[in-house]
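One structure below.
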Amino acid sequence: MSIETSMLVVGVKSQQFILQIIIEPNYNGDANVVKVNSGILVHYLIEETIRTWQVSGQTVTIPDNNARYIYARCNKVDYNDAQIIFSTQQIKTNDSTLYYHFLVGVLHSVMEGVRWISLTYGATSINGRFIKNGSYSKL
């Protein structure tokens, strides 16, 4: 079986963004502390025009050893209001009237005193001889 197409883009519309921050699990050797540096989130498809949010930096203490979803919570009106949150519950992109919630990845539960993160945003496009991973540009 094969799929014939001239171009294929795989990914979810809400996850078509670039996140220019650093997320440091196990900050200062503590598996329950995560440091998030400030930066920007550029989203290509959530609205008609490309949107850029300023993401605030923070240090977060996770109260237990359980896994968390990592979201970028971005204000729908104020593009200077965005932060990374860690949630035990799944949040859909438009669950809130005030904020978009973009799934960034997963903060894994503590194993042998350490946490890992897995990032899940972006897309993969295949066109001819080229494969592009991570983000999608409007054509």
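Residues in the structure tokens are numbered from 1 in each chain, the chains being A, B, ... in the order shown, and ligands are numbered from 1 in the order shown.
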
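The environment of region 71-81 of chain A within 8 Å, counting only C-alpha atoms and disregarding residues fewer than 2 places along the same chain, consists of A:Arg51, A:Thr52, A:Trp53, A:Gln54, A:Val55, A:Ser56, A:Tyr69, A:Gln83, A:Ile84, A:Ile85, A:Phe86, A:Ser87, A:Leu98, A:Tyr99, A:Tyr100, A:His101, A:Phe102, A:Leu103, A:Val104, A:Gly105.
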
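Between CA of Ser96 (chain A) and CA of Thr120 (chain A) the separation is 21.2 Å.
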
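Between CA of Thr49 (chain A) and CA of Gln89 (chain A) lies a distance of 29.5 Å.
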
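Considering the residues A:Thr61, A:Ser14, A:Gln90, A:Asn66 and counting only C-alpha atoms, Glu47 (chain A) has its shortest atom-to-atom contact with A:Ser14.
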
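Going from CA of Tyr121 (chain A) to CA of Asn26 (chain A) covers 21.5 Å.
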
- prompt: Hey, which of A:Ile40, A:Ile70, A:Ile46, A:Ala82 ends up closest to Trp116 (chain A)? Count only C-alpha atoms.
  reply: A:Ile70
